[in-house]
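One structure is given here, and the rest of the page talks about it.
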2 protein chains.
Amino acid sequence: MKTVIIGSGNVAYHLAKAFKQSQLGVSQLFARNAKELSKISVELGIPYSTDFLEDADLYLIAVSDSAVADVSSLIKKENALVAHTSGSLPIEVLNGRYRKASFYPLQTFSKTKELDYSKIPFFIEAENQIDEKYLSELASIISENVETSDYEKRKYIHLTAVFACNFTNHLFAKAKEIADAQGLPFRYFIPLIDETVEKIHYLEPKAAQTGPAVRGDERILKLHEALITDEEQLKIYKLMNESIKKMYHL
Amino acid sequence: MKTVIIGSGNVAYHLAKAFKQSQLGVSQLFARNAKELSKISVELGIPYSTDFLEDADLYLIAVSDSAVADVSSLIKKENALVAHTSGSLPIEVLNGRYRKASFYPLQTFSKTKELDYSKIPFFIEAENQIDEKYLSELASIISENVETSDYEKRKYIHLTAVFACNFTNHLFAKAKEIADAQGLPFRYFIPLIDETVEKIHYLEPKAAQTGPAVRGDERILKLHEALITDEEQLKIYKLMNESIKKMYHL
């Protein structure tokens with residue numbers, strides 16, 4: 001089975017690296033961004049091209065959602081299996097006569113950060129059971145957590161992930177903004193953040209909630225609102241506290 | 001030095017436990033809630049009382065902010081040192097003729113969750129340098145991270161912590177709400193959450209941001225908005241994405 005990975009972003013990089021580490025061959029990396037692609041190619045020792053797409057049995061498309069349809073139309077091999085890696089696209093968006101599939105890794109990827117691929121949940125969908133089984137087995141070589149998932153399920157997985165990961169990281173960024181403005185080193189808050197996450201390995205998030213809002217401590221809420229000078233921070237502060245109070249019927 | 005810890009909540013429990021583990025003596029636990037207090041007393045092997053406050057050199061008050069002033073007025077020993085553990089109260093709120101101080105552990109505490117106390121940052125304030133030095137040394141027996149902090153600094157530390165911890169946990173709770181409604185096991189999202197936090201040990205949160213908003217992927221934002229049926233979830237979804245877009249000038 002020859003595999004080509006398409007893309008030069010964070011997901012493409014980590015997917016190629018995961019394949020490499022799992023001794024799964026990748027015969028080509030393909031993307032438009034020659035600079036990024038050549039870096040990945042050198043690091044992982046996989047040939048690349050920006051114009052000639054090699055013949056393969058499996059194409060994994062790891063490009064931004066808006067580019068998936070266009071890129072997928074470059075694949076002309078009819079007996080190939082083509083999978084995108086998006087949480088928010090149906091497999092029908094793939095534009096060609098090949099067999100269509102989805103190979104969705106649920107993780108946040110940054111090139112500069114090493115990852116333990118064995119812990120990443122992979123969600124697989126294919127047009128037929130043979131392809132679904134094949135992709136599931138392939139993912140199982142990389143990861144301990146492989147599930148099947150249709151588009152409906154995948155959409156909600158992605159939505160949940162945006163709350164649990166993207167918004168969470170943004171709160172860290174806003175917290176750092178406040179800390180920076182006061183000359184407080186962000187490292188003060190790392191043990192607290194670690195423990196916040198460590199807790200939900202043992203407790204339901206709802207049972208783990210602490211802080212002024214869940215205690216109904218209006219004095220602190222008002223005190224904090226008076227401290228905040230940035231409009232965006234204040235909007236988030238108010239909305240999150242209201243939402244906490246509603247969750248606990250306060 | 002005889003120490004009394006006042007309170008029966010999460011902070012009082014963990015403070016008493018930290019003292020015990022560090023071989024620092026605690027001569028009494030004092031609080032109004034006999035049921036909780038007796039449980040802690042039995043677990044940690046420290047005598048307790050709900051009405052008779054023992055003579056001590058140091059009183060640590062770990063009760064909710066609104067109760068600190070009242071509880072502190074029960075302490076009649078004039079040559080004692082009395083410290084509260086709040087991030088959002090000045091030391092002047094302590095109501096008595098004793099020496100006043102603050103002993104603020106920056107962490108989220110749940111009774112059912114074990115903690116590594118050596119990693120918890122402690123912030124110390126006292127009316128005089130001798131007490132500040134004494135409390136700092138005491139905290140240093142428990143933790144590797146001890147700093148001094150006046151009320152101004154403490155307030156901002158607490159505010160930052162609310163963003164980094166309390167709001168973060170609430171996002172986990174909202175994420176679980178979405179997952180639950182779709183029958184998606186929350187364990188799918190644990191590796192993602194772990195990695196989100198792991199990342200900020202290496203990267204600035206701003207540089208670690210991923211997701212549809214920072215990519216300017218309006219299609220996914222609209223798709224997700226259409227999936228959300230809960231008003232609170234939608235408010236959070238929209239506000240966080242707007243805030244992300246503003247941070248990156250999108």
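Order determines the names: the first chain of the structure tokens is A, the second B, and so forth; residues in each chain are numbered 1 upward, and ligands are numbered 1 upward as they are shown.
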Pull the closest atom pair for each residue of chain B that gets at most 6 Å from chain A, along with the distance in Å to one decimal, counting only C-alpha atoms, ordering rows by chain and then ascending residue number, as a tab-separated table.
residue	atom	partner	partner_atom	distance
B:Gln107	CA	A:Leu192	CA	5.0
B:Thr160	CA	A:Ala175	CA	5.0
B:Phe163	CA	A:Ala175	CA	5.5
B:Ala164	CA	A:Phe172	CA	5.4
B:Cys165	CA	A:Ile193	CA	5.8
B:Asn166	CA	A:Gly211	CA	5.7
B:Thr168	CA	A:Thr168	CA	5.4
B:Leu171	CA	A:Phe163	CA	5.9
B:Phe172	CA	A:Ala164	CA	5.3
B:Ala173	CA	A:Pro205	CA	4.9
B:Ala175	CA	A:Thr160	CA	5.0
B:Leu192	CA	A:Gln107	CA	5.0
B:Ile193	CA	A:Cys165	CA	5.8
B:Thr196	CA	A:Cys165	CA	5.9
B:Pro205	CA	A:Ala173	CA	4.9
B:Lys206	CA	A:Ala173	CA	5.4
B:Thr210	CA	A:Asn166	CA	5.9
B:Gly211	CA	A:Asn166	CA	5.7
Need to verify the contact set: Val93 (chain A), 9 Å, only C-alpha atoms, exclusion of same-chain residues closer than 3 positions in sequence. Can you return it as a ChimeraX atom specification? /A:68-69,72,89-90
Convert the current residue selection to file output with N, CA, C and O atoms, as a short mmCIF file (atom, residue, chain, number, x, y, z; two decimals), in the first residue's frame.
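This is the output file out-v8.cif:
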data_model
loop_
_atom_site.label_atom_id
_atom_site.label_comp_id
_atom_site.auth_asym_id
_atom_site.auth_seq_id
_atom_site.Cartn_x
_atom_site.Cartn_y
_atom_site.Cartn_z
N VAL A 68 -9.90 21.60 0.86
CA VAL A 68 -10.02 20.15 0.69
C VAL A 68 -10.61 19.78 -0.68
O VAL A 68 -10.06 18.94 -1.41
N ALA A 69 -11.72 20.43 -1.05
CA ALA A 69 -12.39 20.07 -2.30
C ALA A 69 -11.45 20.25 -3.50
O ALA A 69 -11.28 19.34 -4.32
N SER A 72 -8.57 17.82 -3.49
CA SER A 72 -9.02 16.44 -3.74
C SER A 72 -9.28 16.20 -5.23
O SER A 72 -9.20 15.06 -5.70
N LEU A 89 -16.17 18.35 7.84
CA LEU A 89 -16.53 18.16 6.42
C LEU A 89 -17.09 16.75 6.23
O LEU A 89 -16.57 15.79 6.81
N PRO A 90 -18.13 16.61 5.40
CA PRO A 90 -18.59 15.27 5.02
C PRO A 90 -17.60 14.66 4.03
O PRO A 90 -16.80 15.39 3.44
#
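Counting only C-alpha atoms, the residue from A:Glu92, A:Glu144, A:Glu54, A:Glu43 that sits nearest to Ala16 (chain A) is A:Glu43.
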Distance criterion (only C-alpha atoms): nearest to Gly45 (chain B) out of B:Arg32, B:Arg154, B:Lys20, B:Lys76: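 Among the listed residues, B:Lys20 lies closest to Gly45 (chain B).
Checking B:Ala31, B:Ala18, B:Ile130, B:Ile124 one by one against Ala62 (chain B), counting only C-alpha atoms, you find the shortest gap at B:Ala31.
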Going by DSSP on the backbone, which residues of region 138-224 of chain A come out as helix (DSSP H, G or I)? List them as a PyMOL selection string. chain A and resi 138-142+151-181+186-199+205-208+218-224
Strand (DSSP E or B) call set, DSSP backbone run, region 8-120 of chain A, as number ranges by chain: A: 28-30, 48-49, 58-61, 81-84, 99-105
List the spatial neighbours of Ile6 (chain B) as a ChimeraX atom specification - criterion: any atom at most 12 Å away, only C-alpha atoms, same-chain residues fewer than 4 positions off excluded. /B:10-16,26-33,37,40,48-54,56,58-64,67-68,70-72,74-75,82-85
Separation of CA of Tyr151 (chain B) and CA of Asp55 (chain B), in Å?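 Interatomic distance here is 27.6 Å.
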Excluding Ser22 (chain B) and any residue of its chain fewer than 6 positions from it, enumerate the residues within 10 Å of it, using only C-alpha atoms, and give them as a list in words.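 My reading of the contact set: Ala16, Tyr117, Ser118, Leu138, Ala139, Ile141, Ile142 and Ser143 of chain B.
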Kindly save the residues from that selection, with all heavy atoms included, as a PDB file, in the first residue's frame.
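Printed below is again_15.pdb as written:
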ATOM      1  N   ALA B  16      -4.354  21.947  56.199  1.00  0.00           N
ATOM      2  CA  ALA B  16      -4.083  21.094  57.364  1.00  0.00           C
ATOM      3  C   ALA B  16      -3.279  19.865  56.930  1.00  0.00           C
ATOM      4  O   ALA B  16      -2.318  19.457  57.592  1.00  0.00           O
ATOM      5  CB  ALA B  16      -5.391  20.693  58.034  1.00  0.00           C
ATOM      6  N   TYR B 117       1.744  19.367  47.215  1.00  0.00           N
ATOM      7  CA  TYR B 117       1.797  20.712  47.806  1.00  0.00           C
ATOM      8  C   TYR B 117       3.088  21.454  47.463  1.00  0.00           C
ATOM      9  O   TYR B 117       3.130  22.675  47.491  1.00  0.00           O
ATOM     10  CB  TYR B 117       1.630  20.622  49.330  1.00  0.00           C
ATOM     11  CG  TYR B 117       0.320  19.986  49.740  1.00  0.00           C
ATOM     12  CD1 TYR B 117       0.278  18.770  50.411  1.00  0.00           C
ATOM     13  CD2 TYR B 117      -0.898  20.596  49.425  1.00  0.00           C
ATOM     14  CE1 TYR B 117      -0.933  18.174  50.757  1.00  0.00           C
ATOM     15  CE2 TYR B 117      -2.107  20.008  49.762  1.00  0.00           C
ATOM     16  CZ  TYR B 117      -2.116  18.803  50.425  1.00  0.00           C
ATOM     17  OH  TYR B 117      -3.314  18.216  50.750  1.00  0.00           O
ATOM     18  N   SER B 118       4.131  20.702  47.101  1.00  0.00           N
ATOM     19  CA  SER B 118       5.421  21.356  46.844  1.00  0.00           C
ATOM     20  C   SER B 118       5.375  22.270  45.623  1.00  0.00           C
ATOM     21  O   SER B 118       6.223  23.135  45.436  1.00  0.00           O
ATOM     22  CB  SER B 118       6.522  20.311  46.664  1.00  0.00           C
ATOM     23  OG  SER B 118       6.353  19.644  45.430  1.00  0.00           O
ATOM     24  N   LEU B 138       7.841  29.270  56.724  1.00  0.00           N
ATOM     25  CA  LEU B 138       6.851  28.221  56.985  1.00  0.00           C
ATOM     26  C   LEU B 138       6.330  27.661  55.650  1.00  0.00           C
ATOM     27  O   LEU B 138       6.298  26.443  55.424  1.00  0.00           O
ATOM     28  CB  LEU B 138       5.691  28.824  57.792  1.00  0.00           C
ATOM     29  CG  LEU B 138       4.708  27.868  58.438  1.00  0.00           C
ATOM     30  CD1 LEU B 138       5.379  27.087  59.558  1.00  0.00           C
ATOM     31  CD2 LEU B 138       3.523  28.652  59.014  1.00  0.00           C
ATOM     32  N   ALA B 139       5.936  28.561  54.761  1.00  0.00           N
ATOM     33  CA  ALA B 139       5.418  28.139  53.452  1.00  0.00           C
ATOM     34  C   ALA B 139       6.482  27.376  52.668  1.00  0.00           C
ATOM     35  O   ALA B 139       6.170  26.429  51.931  1.00  0.00           O
ATOM     36  CB  ALA B 139       4.929  29.359  52.672  1.00  0.00           C
ATOM     37  N   ILE B 141       8.599  25.347  53.753  1.00  0.00           N
ATOM     38  CA  ILE B 141       8.686  23.947  54.193  1.00  0.00           C
ATOM     39  C   ILE B 141       7.683  23.101  53.400  1.00  0.00           C
ATOM     40  O   ILE B 141       7.930  21.944  53.083  1.00  0.00           O
ATOM     41  CB  ILE B 141       8.449  23.843  55.721  1.00  0.00           C
ATOM     42  CG1 ILE B 141       9.545  24.628  56.469  1.00  0.00           C
ATOM     43  CG2 ILE B 141       8.407  22.390  56.187  1.00  0.00           C
ATOM     44  CD1 ILE B 141       9.319  24.766  57.956  1.00  0.00           C
ATOM     45  N   ILE B 142       6.583  23.725  53.040  1.00  0.00           N
ATOM     46  CA  ILE B 142       5.542  23.022  52.271  1.00  0.00           C
ATOM     47  C   ILE B 142       5.837  23.069  50.774  1.00  0.00           C
ATOM     48  O   ILE B 142       5.713  22.069  50.074  1.00  0.00           O
ATOM     49  CB  ILE B 142       4.153  23.667  52.540  1.00  0.00           C
ATOM     50  CG1 ILE B 142       3.789  23.522  54.022  1.00  0.00           C
ATOM     51  CG2 ILE B 142       3.077  23.071  51.645  1.00  0.00           C
ATOM     52  CD1 ILE B 142       2.612  24.378  54.453  1.00  0.00           C
ATOM     53  N   SER B 143       6.220  24.234  50.285  1.00  0.00           N
ATOM     54  CA  SER B 143       6.265  24.477  48.835  1.00  0.00           C
ATOM     55  C   SER B 143       7.596  25.037  48.358  1.00  0.00           C
ATOM     56  O   SER B 143       8.311  25.720  49.103  1.00  0.00           O
ATOM     57  CB  SER B 143       5.151  25.455  48.469  1.00  0.00           C
ATOM     58  OG  SER B 143       5.345  25.971  47.182  1.00  0.00           O
TER      59      SER B 143
END
